[in-house]
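> Here it is: the structure, laid out below.
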Amino acid sequence: MREQLAKIREEALKAIRETAAANNLDAVRVKYLGKKGELTAVLKQMGKLPAEERPVIGQIANEVRAALTEAVAEQSKRLTEAALEAKLAAEEVDVTIPGKRMALGHKHPITKVIDEITDIFVGMGFNVAEGPEVELAAYNFTKLNTEEGHPGREWTDTFYITPGKDDPKNDAVLLRSQTSPMQIRTMETRKPPIRIIAPGRVYRKDEADATHSPMFHQIEGMVVDKGITMADLKGTLNEVVKSLYGEDAKTRFRPHHFPFTEPSCEVDVQCFECHGKGCSVCKGEGWIEVLGAGMIHPKVLEGCNIDTDVYSGWAFGMGVERLAMMRYGINNLKLCFENDVRFLEQF
Amino acid sequence: MILSRKWLNEFVDGVSVSDISDKAFSDAMTLSGSKVETVEDQGAEFKNVVVGRILSMEKHPNSDHMWIVQVDVGEEEPVQICTGAWNVHVGDLVPVARHNSLLPGGHKITKGKLRGVVSMGMLCGLSELGLEVRDFPYGEIKAAAILGDYHVLPGEKPSIPEDVQPGLRIYGKVYTAKVLSCETVAYSTYKLTVDWGKGEKELTTNCANIHEGDMICVDTKSGEVLTLAGLHAQQKEFPNCIEDGIFILNEEGAKPGDAIPAVLGLDDHVVEFEITPNRPDCLGVIGLAREAAVTFGKELKLHTPQVEGCGDSILDYADVDILDGDLCPRYCGRLVRNVKIGPSPKWMRERLRASGVRPINNIVDITNYVMLEYGQPMHSFDFSCVEGQHINVRRAYPGEKMTTLDGKPHELNENMLVIADEVKPVCIAGVMGGENSEITDSTTTVFFESANFNGVSVRKTAMALGTRTESSARYEKGLDPMNTMPAVQRACELVEMLGCGDVVDGIIDVVAQDFTPTLVKLEPKKINGLLGTEFTREEMLPILKQLGFLLIEDDMLVVPSWRGDVEHYSDIAEEIARFTGYDNLPITLMKGETTRGGLTRKQAAEKLLGTVARSQGFNEIMSYSFISPSYYNKIRLPEDSPLRNSIRILNPLGEDTSIMRTTALPSMLETLARNYSHHNLTAKLYELARVYFPTDREDGLAREEQVISMGAYSPMLDFFRFKGFVESVFEAFGITGVACTAEKKDPTWHPGRTAVLSINGKRIGIMGQIHPRVTKNYNMDVPVFCAQIDFAAVLEAQPEIIVYQPLPKFPAVERDIAVVCDKTLPVAALEDCIRRGGKGLVREIKLFDVYTGKPIPEDKKSVAFALKLRHDERTLTDAEADEDVKSVLALLESELGAVLR
C-alpha cells in the first residue's frame with residue numbers, strides 16, 4: 001500500500017505539472033483526489049490493513065493528499081497566469097493605426113478672425129453691436145460726413161435697393177458698403193460712454209476675383225467718452241495689434257483720409273515675415289496696412305446730438321478678409337466663398 | 001502721382017537725392033501723409049553703357065550687311081564692335097553697351113563673336129535704351145534706298161539689273177548714282193559727291209544709311225536722294241534699308257566714356273505717391289513740394305510766371321461765355337499766334353518722361369508740363385478750327401456728337417459740359433479735347449484753356465463716356481479755382497521761353513462763382529483735446545504758415561485756396577499731427593468710466609450654435625446674401641410662395657446676385673453641389689445665415705432674420721442620423737419638446753422623409769431629405785439632407801435658467817412592451833399615448849424596435865418600447881408597476897387600436 005501511495009503521488013504530481021489547461025487540471029484532480037479518485041480508492045482499502053499500520057499509512061495518505069492539493073493549486077495559478085498572458089498577447093493591437101474618429105467640423109477662417117478680434121475687444125470692455133445690412137443712405141453716407149457726389153455713392157460702387165423718394169441722398173435704401181453706419185446707429189440709441197465693435201457683412205460693386213468680392217466683412221470699432229484723444233486711439237490699437245501679432249509687433253500710424261474721422265490715419269504693422277526689410281509679403285514696403293482709424297469727426301458726433309465740448313471719440317474699421325488672407329496665407333479670396341470642404345477643414 | 005525728384009529740386013533746396021536717400025525721403029513723406037507707393041532709380045537700369053565715338057568702319061568680311069567699327073569709349077584703346085546698323089558714320093557719337101553691361105528690361109550684354117569677328121559689346125538704338133522717337137525726336141532715322149540691298153521678291157522679275165551702273169534712268173529725272181564720297185557736315189546731315197553717269201554731282205541729304213561706294217537713286221532735278229517711298233518699293237525688297245538703327249547722339253557736351261543715363265537724362269529718381277482724394281493739390285509738383293518743404297523743414301521756392309506778350313488783344317479774336325456756371329466756376333484762356341510746332345526741349349521731355357507722360361510736341365507738352373507742375377489740367381486747341389469768335393461753356397445738347405482726340409466718337413447729353421464754338425463742341429470739359437480742333441504740325445494759332453470745372457460733373461461725364469484721363473482724374477476731386485490763372489500764365493511763359501509762338505496780350509478770365517476763402521478759428525485747446533497733446537499756439541503757427549495758412553485777427557486762420565479739405569478745427573488738428581508726426585503723439589490707455597463688455601445672450605447663442613455644429617462634424621460656410629431669382633425655381637418653391645417676394649437690387653453685378661435671399665436653402669444646396677462636383681465624398685455644412693424680407697416700413701428697410709442652415713450628404717448618412725444632428729443642436733440649447741410632424745406636400749422636400757419642427761405648436765423649422773427632383777437640379781444623385789431652423793425661435797425656446805433636478809433615491813422598475821398597430825401610425829403618437837396613459841409612474845420611454853413582416857399582418861407593425869417606472873418617495877412594487885403598464889396598454893388600445901403583441 002505504501003508503494004501504491006508512493007506511485008500515486010509520483011504519477012499524480014507528474015500529471016498535475018503536465019496539464020496545460022484549466023479543465024484538464026480539474027480532470028486530473030478528480031482522477032486522483034475525487035470521491036471516486038485513485039487516492040480515495042486506495043484509502044478505502046485501509047480497512048484491510050492491520051490496525052498498527054493504519055495510522056502510519058493514514059499519515060502517508062494525508063501527506064500525499066496535501067501534496068497533491070497544493071500541486072493542483074500551484075498549477076492552477078500558473079495556468080491562470082499563462083492564460084492571461086496568452087489572452088493579452090492575443091489582444092495586442094497595432095497602436096500606430098489611426099483612431100476611429102468622429103470628424104470635427106471647422107470654423108470658417110473669416111469667423112475665426114472675427115472671433116479672435118471680438119474676444120480681444122470684449123476683454124477690453126467693449127460690446128458687440130449689430131445692425132441692418134439693408135441700410136439707408138443717410139446712415140451709410142450722409143451722417144458719416146460723406147456728401148453728395150462722393151464716388152462711394154455712385155451706382156457703380158454701391159448696390160441700391162431703392163433710389164430714394166423725396167430726399168435721395170438720405171432716404172435711398174442700399175446694401176451698406178461699410179460697417180461705419182453702426183457708429184451712427186449706436187450713438188443715436190446709446191449715451192456715452194460707448195465702447196463697441198461691430199463686425200458684419202458689407203457690400204461693394206466689385207466683381208469677384210483673387211482679391212475682391214462683392215460681399216465681404218468689416219469690423220468697426222468705436223469709443224465715445226469724455227476726454228478721448230488720438231493718444232488713446234494709439235494706445236488701444238497698439239494693444240490690439242500686439243494681441244493679434246505678438247508682443248514684439250511694431251505699428252506705424254500714418255496720416256490718411258476718411259470723411260468721418262479727422263484726424264485720420266492708417267495703421268501699418270511691421271511685416272512679420274521680413275521685420276521691415278521688405279519682402280514679397282509686404283510688397284517690399286516693410287509694412288502691412290491693417291486698418292484705418294481716426295478721431296470721430298466732430299461734425300459726425302454733433303449730428304448724433306453728442307456735445308463735442310464734453311465728448312470726443314475714436315473709431316476704426318478693418319477688412320476681415322484681408323486679415324484672414326494674410327494670417328493664413330490664402331492667396332485667392334474666392335476660396336473663402338466657394339466653401340470647398342478641403343479648404344474649410346484646414347482651419 | 002509720379003514725382004521726379006529732379007523736378008522737385010526746382011522748388012525746394014536740400015531735398016535732392018544726394019541730401020536725402022530715396023528710403024529716407026519715402027519714409028518721411030509717407031509719415032507726413034503723402035504715402036509713397038514705389039521709388040525708382042531710373043539710372044539703375046543701366047550699367048556700363050557709355051558714349052562712344054566711331055573712329056573707323058570697315059565692311060564685315062563674312063557678311064554683306066554688317067560693319068566692324070572701332071569705337072573710342074574714353075579709354076586709351078578703342079574697342080571693336082560689330083553692328084548691323086547702316087546709319088553709323090565715322091565721327092558719330094553713339095551709345096555703347098560694353099562687355100558686361102546692363103540695359104533696361106534686365107538685358108545683359110557681353111562680348112561675343114559675330115561671324116568670326118570679335119565684338120566687345122553693342123551699339124544701341126533708342127529701343128534698347130527703353131526709349132522711343134518721341135523721347136528724342138531728333139533720333140528719327142531717314143533711310144535711302146541702297147541698290148546694293150535690293151532683293152528680288154520671289155516670283156517677280158527684277159526691276160533693277162544686278163550689275164546696275166550709274167546713269168540708269170529709273171523714271172523722270174531719277175537716275176542711279178554711285179556715292180563717291182560721304183561727309184557728315186552737321187548732325188544727321190551728309191554731303192555726298194555722286195557719279196550719276198553723266199558727270200559728278202554734289203548734294204546734301206538727311207538719309208543716314210549712305211556710305212562711300214553705295215549705289216543710290218537721285219532725283220537730278222531736285223537733288224534729292226530717293227527713299228523706298230520715292231521708289232515705290234516695298235521694305236521686303238530692301239531688307240536693310242530701314243528707318244531704324246543706332247541712336248546717333250546729339251547732346252551738348254557729351255564725350256566718349258560719359259555714362260549714358262546722365263547724358264540722356266535717364267538718371268532721375270521717381271517717386272510714385274498714393275494721393276488721398278481730399279488732396280488734389282498734391283497731384284502737382286508744387287503741391288508735393290509744399291508738403292516736402294514742411295516735412296523736411298525747408299523753404300518752398302515758388303515762381304510767378306511772367307509773360308511778355310506780343311501786343312495785339314485777345315478780345316479781337318475771341319470771347320468766352322459761361323452759360324452753365326454751376327458746372328464751370330471759372331474759365332481762363334490765352335491765345336498764341338505764329339505757333340511753330342516742333343519737339344519740346346530736352347529738359348521738358350526729360351521731366352515729362354520721368355513723370356510718366358509721353359512727349360508729343362511743344363504745345364501739347366507745355367499743357368502736360370503745366371498740369372504736372374501746377375496740378376491744373378490744361379487744354380490747347382487749334383484756334384483756326386474754331387468757327388466764329390465766340391466760345392461757349394455750356395451743357396451739351398441731347399444727342400450732340402463729338403469725336404475725342406483718341407478717335408472715339410461720342411454721343412453727348414445735357415448732363416455733360418462742353419466747350420463749344422458757335423457751331424459745334426470742340427472739347428468735353430475736363431475730360432478730353434475734340435479731334436476737330438487737335439493741335440497738328442500745321443497749327444499756327446493756339447488757344448490755351450485753363451478752367452475750373454465741377455468735379456462731380458467731370459467724373460460722371462468721364463464715367464459715362466468711358467474716358468477717364470489724367471485731366472478728369474484731377475478735376476473729379478475738386479480743384480482750386482485760384483489755380484487757373486497762374487497755370488495759363490505759366491503755359492504762356494513756357495511758349496515764350498521755348499520760342500514756339502507769340503502770346504497775344506490780354507487774358508480771358510470769366511468767373512461764374514464767387515470765391516470766399518474759408519476761415520477757421522485756431523483753437524489750441526480743442527486741437528490738443530483731440531490729439532492728447534499740449535502744443536502751444538506758438539508751436540502750431542509755424543507749421544500752418546508754412547502750409548500757406550494766414551493768421552488774421554489774432555486767432556482766425558485763412559485757409560489757402562488749394563486746401564478745400566480744411567474747414568474745421570479737427571482739420572487743423574490733423575495738420576499739426578501730420579507735421580509733428582503721428583508717431584510722436586503720446587500713447588495712452590483710455591481713462592473714463594469703465595464699461596462692462598461682453599456678449600449679449602444672442603451673441604453667446606451664436607457661438608454655442610457653432611460649437612455644437614462643429615462638434616458633430618459640420619463645417620462652417622460663408623455664402624453670399626444675394627442669389628439669383630432662378631434659385632427659387634431650382635428648389636421648386638411654389639409660384640405663390642411668399643418667399644418669392646424678395647428685395648431686389650437695382651444695380652446688381654449680374655442676374656446671379658440680383659436679389660436678397662429669403663431662404664438660405666439655395667445657398668446651402670449650391671455649396672453642397674459645388675463640393676459634390678469637386679468629388680468630395682462627404683460634406684457636412686452649417687451656416688448661421690441672414691435672410692432678408694421686404695417690409696412695409698416707412699423707411700423701406702428690410703426685416704433681417706437669422707436661420708440655422710445645415711446641410712449634408714455622405715454615404716454614411718440617413719434620415720435618422722441627420723435628425724440626430726438636429727436634435728443635438730436642440731439639446732445643446734437645453735430645448736426639449738420639439739415636435740416633428742411629417743411634411744408630405746412641400747415640393748422642395750422628400751414627401752416621406754421630411755419633418756416640420758415645432759415648439760408648442762409654433763413652426764420653427766423644417767428638416768429632412770431634399771426632394772430628388774431638387775437634387776437633380778443641382779446635378780447631384782445622392783440623398784441630400786438639410787435643416788432650416790429659425791434662430792430667433794431657438795433663442796426664445798432656450799431656457800434662461802437651468803434648475804437642477806434631484807437624482808432619484810429609489811430604484812426604477814423596467815418594463816418592455818411591444819404593441820401591434822397600423823403601419824402608418826407615427827411612433828410619436830404612441831409615445832404621446834404612453835406618456836398620458838400611465839398613472840404618473842412612467843418616467844422614461846425609449847423606442848427600441850420597429851418591426852414589420854411575418855407574423856405581423858401586412859398593414860401592421862410591431863413597435864417596442866422600454867419603459868422606466870419610478871416613484872420619488874418609495875420603492876415601487878411589481879404590482880404597482882404592472883398597474884401603470886396595464887393602464888398604458890388600455891389607452892393604447894382604446895385610442896390608437898394598438899394591442900399588446
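Going through the C-alpha cells in order, the chains are called A, B, and so on, while each chain numbers its residues from 1 and the ligands are numbered from 1 in the order shown.
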Listing only residues of chain A within 7 Å of chain B, what is the closest atom pair and its distance in Å (to one decimal) for each, using only C-alpha atoms, sorted by chain and residue number ascending, as CSV?

```
residue,atom,partner,partner_atom,distance
A:Ala103,CA,B:Gly617,CA,5.0
A:Leu104,CA,B:Gly617,CA,4.1
A:Gly105,CA,B:Arg614,CA,3.9
A:His106,CA,B:Asn619,CA,4.7
A:Lys107,CA,B:Glu620,CA,5.3
A:His108,CA,B:Glu620,CA,5.2
A:Val122,CA,B:Gly597,CA,5.1
A:Gly123,CA,B:Gly597,CA,6.8
A:Met124,CA,B:Gly597,CA,6.9
A:Gly125,CA,B:Gly597,CA,3.7
A:Phe126,CA,B:Gly597,CA,4.3
A:Asn127,CA,B:Gly597,CA,4.9
A:Val128,CA,B:Leu599,CA,6.4
A:Val134,CA,B:Leu701,CA,6.1
A:Glu135,CA,B:Leu701,CA,6.4
A:Gly149,CA,B:Val456,CA,5.6
A:Trp155,CA,B:Asn651,CA,6.8
A:Phe159,CA,B:Asn651,CA,5.9
A:Tyr160,CA,B:Leu650,CA,5.5
A:Ile161,CA,B:Ile649,CA,4.8
A:Thr162,CA,B:Leu650,CA,7.0
A:Val173,CA,B:Gly700,CA,6.8
A:Pro193,CA,B:Glu593,CA,6.9
A:Lys205,CA,B:Leu653,CA,6.6
A:Met215,CA,B:Tyr624,CA,6.7
A:Asp225,CA,B:Gly592,CA,6.9
A:Lys226,CA,B:Gly592,CA,6.6
A:Gly227,CA,B:Gly529,CA,6.9
A:Ile228,CA,B:Met590,CA,6.9
A:Thr229,CA,B:Leu530,CA,4.9
A:Met230,CA,B:Leu531,CA,4.6
A:Ala231,CA,B:Ile587,CA,4.7
A:Asp232,CA,B:Thr588,CA,4.9
A:Lys234,CA,B:Ile587,CA,5.6
A:Gly235,CA,B:Ile587,CA,4.8
A:Thr236,CA,B:Leu589,CA,6.2
A:Arg252,CA,B:Asp583,CA,6.9
A:Phe253,CA,B:Tyr582,CA,5.9
A:Arg254,CA,B:Leu31,CA,5.2
A:Pro255,CA,B:Gly33,CA,4.5
A:His256,CA,B:Gly33,CA,6.1
A:His257,CA,B:Thr276,CA,6.3
A:Glu262,CA,B:Ser570,CA,5.6
A:Pro263,CA,B:Glu574,CA,4.5
A:Phe337,CA,B:Met622,CA,5.7
A:Asn339,CA,B:Ile621,CA,5.6
A:Asp340,CA,B:Asn675,CA,5.6
A:Val341,CA,B:Ala683,CA,6.6
A:Leu344,CA,B:Asn619,CA,6.6
```
> Among stretch 229-272 of chain A, which residues does DSSP mark as strand (DSSP E) when it is run on the backbone? Keep the chain and numbering as in the structure and answer as an MDAnalysis selection string.
chainID A and resid 251:258 261:270
> Can you spit out the residues from that selection as a PDB file, in the first residue's frame, using N, CA and C atoms?

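As written to disk, selection10.pdb reads:
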```
ATOM      1  N   THR A 251       3.949  98.902 -34.699  1.00  0.00           N
ATOM      2  CA  THR A 251       2.927  99.582 -35.508  1.00  0.00           C
ATOM      3  C   THR A 251       3.458 100.914 -36.013  1.00  0.00           C
ATOM      4  N   ARG A 252       2.789 101.386 -37.047  1.00  0.00           N
ATOM      5  CA  ARG A 252       3.130 102.691 -37.608  1.00  0.00           C
ATOM      6  C   ARG A 252       1.813 103.395 -37.897  1.00  0.00           C
ATOM      7  N   PHE A 253       1.648 104.590 -37.399  1.00  0.00           N
ATOM      8  CA  PHE A 253       0.429 105.370 -37.644  1.00  0.00           C
ATOM      9  C   PHE A 253       0.758 106.402 -38.714  1.00  0.00           C
ATOM     10  N   ARG A 254      -0.016 106.370 -39.770  1.00  0.00           N
ATOM     11  CA  ARG A 254       0.297 107.139 -40.962  1.00  0.00           C
ATOM     12  C   ARG A 254      -0.935 107.969 -41.308  1.00  0.00           C
ATOM     13  N   PRO A 255      -0.741 109.275 -41.583  1.00  0.00           N
ATOM     14  CA  PRO A 255      -1.910 110.107 -41.908  1.00  0.00           C
ATOM     15  C   PRO A 255      -2.658 109.558 -43.117  1.00  0.00           C
ATOM     16  N   HIS A 256      -3.952 109.656 -43.090  1.00  0.00           N
ATOM     17  CA  HIS A 256      -4.766 109.218 -44.210  1.00  0.00           C
ATOM     18  C   HIS A 256      -6.030 110.065 -44.242  1.00  0.00           C
ATOM     19  N   HIS A 257      -6.969 109.673 -45.067  1.00  0.00           N
ATOM     20  CA  HIS A 257      -8.197 110.458 -45.158  1.00  0.00           C
ATOM     21  C   HIS A 257      -9.426 109.577 -45.156  1.00  0.00           C
ATOM     22  N   PHE A 258     -10.344 109.856 -44.254  1.00  0.00           N
ATOM     23  CA  PHE A 258     -11.691 109.285 -44.294  1.00  0.00           C
ATOM     24  C   PHE A 258     -12.649 110.434 -43.999  1.00  0.00           C
ATOM     25  N   THR A 261     -13.699 110.710 -40.087  1.00  0.00           N
ATOM     26  CA  THR A 261     -12.751 110.875 -38.991  1.00  0.00           C
ATOM     27  C   THR A 261     -11.807 112.010 -39.336  1.00  0.00           C
ATOM     28  N   GLU A 262     -11.364 112.716 -38.319  1.00  0.00           N
ATOM     29  CA  GLU A 262     -10.423 113.810 -38.503  1.00  0.00           C
ATOM     30  C   GLU A 262      -9.809 114.115 -37.154  1.00  0.00           C
ATOM     31  N   PRO A 263      -8.519 114.023 -36.993  1.00  0.00           N
ATOM     32  CA  PRO A 263      -7.545 113.476 -37.931  1.00  0.00           C
ATOM     33  C   PRO A 263      -7.789 111.987 -38.192  1.00  0.00           C
ATOM     34  N   SER A 264      -7.324 111.561 -39.377  1.00  0.00           N
ATOM     35  CA  SER A 264      -7.471 110.163 -39.763  1.00  0.00           C
ATOM     36  C   SER A 264      -6.098 109.523 -39.903  1.00  0.00           C
ATOM     37  N   CYS A 265      -6.076 108.223 -39.805  1.00  0.00           N
ATOM     38  CA  CYS A 265      -4.796 107.545 -40.016  1.00  0.00           C
ATOM     39  C   CYS A 265      -5.025 106.151 -40.550  1.00  0.00           C
ATOM     40  N   GLU A 266      -3.974 105.603 -41.108  1.00  0.00           N
ATOM     41  CA  GLU A 266      -3.961 104.177 -41.395  1.00  0.00           C
ATOM     42  C   GLU A 266      -2.906 103.570 -40.485  1.00  0.00           C
ATOM     43  N   VAL A 267      -3.168 102.352 -40.055  1.00  0.00           N
ATOM     44  CA  VAL A 267      -2.219 101.700 -39.162  1.00  0.00           C
ATOM     45  C   VAL A 267      -1.546 100.562 -39.916  1.00  0.00           C
ATOM     46  N   ASP A 268      -0.235 100.599 -39.920  1.00  0.00           N
ATOM     47  CA  ASP A 268       0.555  99.544 -40.549  1.00  0.00           C
ATOM     48  C   ASP A 268       1.190  98.707 -39.445  1.00  0.00           C
ATOM     49  N   VAL A 269       1.361  97.434 -39.737  1.00  0.00           N
ATOM     50  CA  VAL A 269       2.119  96.569 -38.841  1.00  0.00           C
ATOM     51  C   VAL A 269       3.410  96.228 -39.558  1.00  0.00           C
ATOM     52  N   GLN A 270       4.497  96.258 -38.820  1.00  0.00           N
ATOM     53  CA  GLN A 270       5.758  95.891 -39.460  1.00  0.00           C
ATOM     54  C   GLN A 270       5.658  94.449 -39.947  1.00  0.00           C
TER      55      GLN A 270
END
```
> Extract, using only C-alpha atoms, all DNA, RNA and protein residues at most 9 Å from stretch 98-111 of chain B, discarding same-chain residues fewer than 6 positions from it, and format them as an NGL selection string.
:B and (44-50 or 79 or 81 or 118-123 or 128-130)
> For the residues in the current selection, export C-alpha atoms as a compact mmCIF listing (two decimals), in the first residue's frame.

```txt
# COMPACT_ATOMS: atom_id res chain seq x y z
CA ALA B 44 19.84 101.81 -62.08
CA GLU B 45 18.52 100.11 -65.18
CA PHE B 46 21.82 100.91 -66.91
CA LYS B 47 25.26 99.57 -66.19
CA ASN B 48 28.37 100.12 -68.22
CA VAL B 49 26.55 101.89 -71.07
CA VAL B 50 28.63 104.84 -72.27
CA VAL B 79 37.03 98.83 -78.63
CA ILE B 81 32.21 96.26 -82.14
CA VAL B 118 35.12 89.73 -82.03
CA SER B 119 32.59 92.27 -80.82
CA MET B 120 33.19 93.83 -77.40
CA GLY B 121 29.58 94.89 -76.85
CA MET B 122 26.79 96.53 -78.76
CA LEU B 123 25.87 99.87 -80.23
CA GLU B 128 17.47 99.21 -76.49
CA LEU B 129 17.66 102.23 -74.20
CA GLY B 130 13.96 101.89 -73.34
```
> Could you pull the residues within 8 Å of stretch 195-204 of chain A, counting only C-alpha atoms, minus those fewer than 6 positions along the same chain, as a PDB file with C-alpha atoms, in the first residue's frame?

```pdb
ATOM      1  CA  ILE A 114     -13.817  87.923 -36.292  1.00  0.00           C
ATOM      2  CA  THR A 118     -14.086  90.255 -30.863  1.00  0.00           C
ATOM      3  CA  PHE A 121     -12.165  93.880 -27.566  1.00  0.00           C
ATOM      4  CA  GLY A 125     -14.813  96.257 -22.009  1.00  0.00           C
ATOM      5  CA  PHE A 126     -16.358  96.550 -25.464  1.00  0.00           C
ATOM      6  CA  ASN A 127     -19.812  95.350 -26.512  1.00  0.00           C
ATOM      7  CA  VAL A 128     -20.694  93.912 -29.876  1.00  0.00           C
ATOM      8  CA  ALA A 129     -23.189  95.994 -31.839  1.00  0.00           C
ATOM      9  CA  GLU A 130     -25.262  94.705 -34.722  1.00  0.00           C
ATOM     10  CA  GLU A 133     -27.255  95.252 -43.844  1.00  0.00           C
ATOM     11  CA  ASP A 157     -19.782 101.416 -56.413  1.00  0.00           C
ATOM     12  CA  THR A 158     -22.718 100.709 -54.115  1.00  0.00           C
ATOM     13  CA  PHE A 159     -25.695  98.374 -54.514  1.00  0.00           C
ATOM     14  CA  LEU A 175     -26.697  97.488 -49.097  1.00  0.00           C
ATOM     15  CA  ARG A 176     -24.305  99.013 -46.613  1.00  0.00           C
ATOM     16  CA  SER A 177     -20.880  99.484 -48.121  1.00  0.00           C
ATOM     17  CA  GLN A 178     -19.161  99.659 -44.752  1.00  0.00           C
ATOM     18  CA  THR A 179     -19.826  98.834 -41.111  1.00  0.00           C
ATOM     19  CA  MET A 182     -23.056 101.213 -36.866  1.00  0.00           C
ATOM     20  CA  SER A 213     -15.611  90.141 -53.528  1.00  0.00           C
ATOM     21  CA  PRO A 214     -18.972  91.917 -53.860  1.00  0.00           C
ATOM     22  CA  MET A 215     -19.647  90.819 -50.281  1.00  0.00           C
ATOM     23  CA  PHE A 216     -17.045  90.894 -47.569  1.00  0.00           C
ATOM     24  CA  HIS A 217     -16.666  91.582 -43.851  1.00  0.00           C
ATOM     25  CA  GLN A 218     -15.503  94.513 -41.832  1.00  0.00           C
ATOM     26  CA  ILE A 219     -15.089  95.170 -38.148  1.00  0.00           C
ATOM     27  CA  GLU A 220     -15.946  98.630 -36.940  1.00  0.00           C
ATOM     28  CA  GLY A 221     -14.822  99.835 -33.554  1.00  0.00           C
ATOM     29  CA  MET A 222     -15.751 102.964 -31.681  1.00  0.00           C
ATOM     30  CA  VAL A 223     -15.213 104.705 -28.364  1.00  0.00           C
ATOM     31  CA  VAL A 224     -17.036 107.836 -27.256  1.00  0.00           C
TER      32      VAL A 224
ATOM     33  CA  THR B 595     -17.703  99.736 -19.313  1.00  0.00           C
TER      34      THR B 595
END
```
> Kindly give the distance, in Å, that separates atom CA of B:Cys500 and atom CA of B:Met348, rounded to a single decimal.
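Going from atom CA of B:Cys500 over to atom CA of B:Met348, I get 13.7 Å.
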> Do you have the atom CA of B:Gly230-atom CA of B:Leu147 distance handy?
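Atom-to-atom, atom CA of B:Gly230 to atom CA of B:Leu147, that is 13.1 Å.
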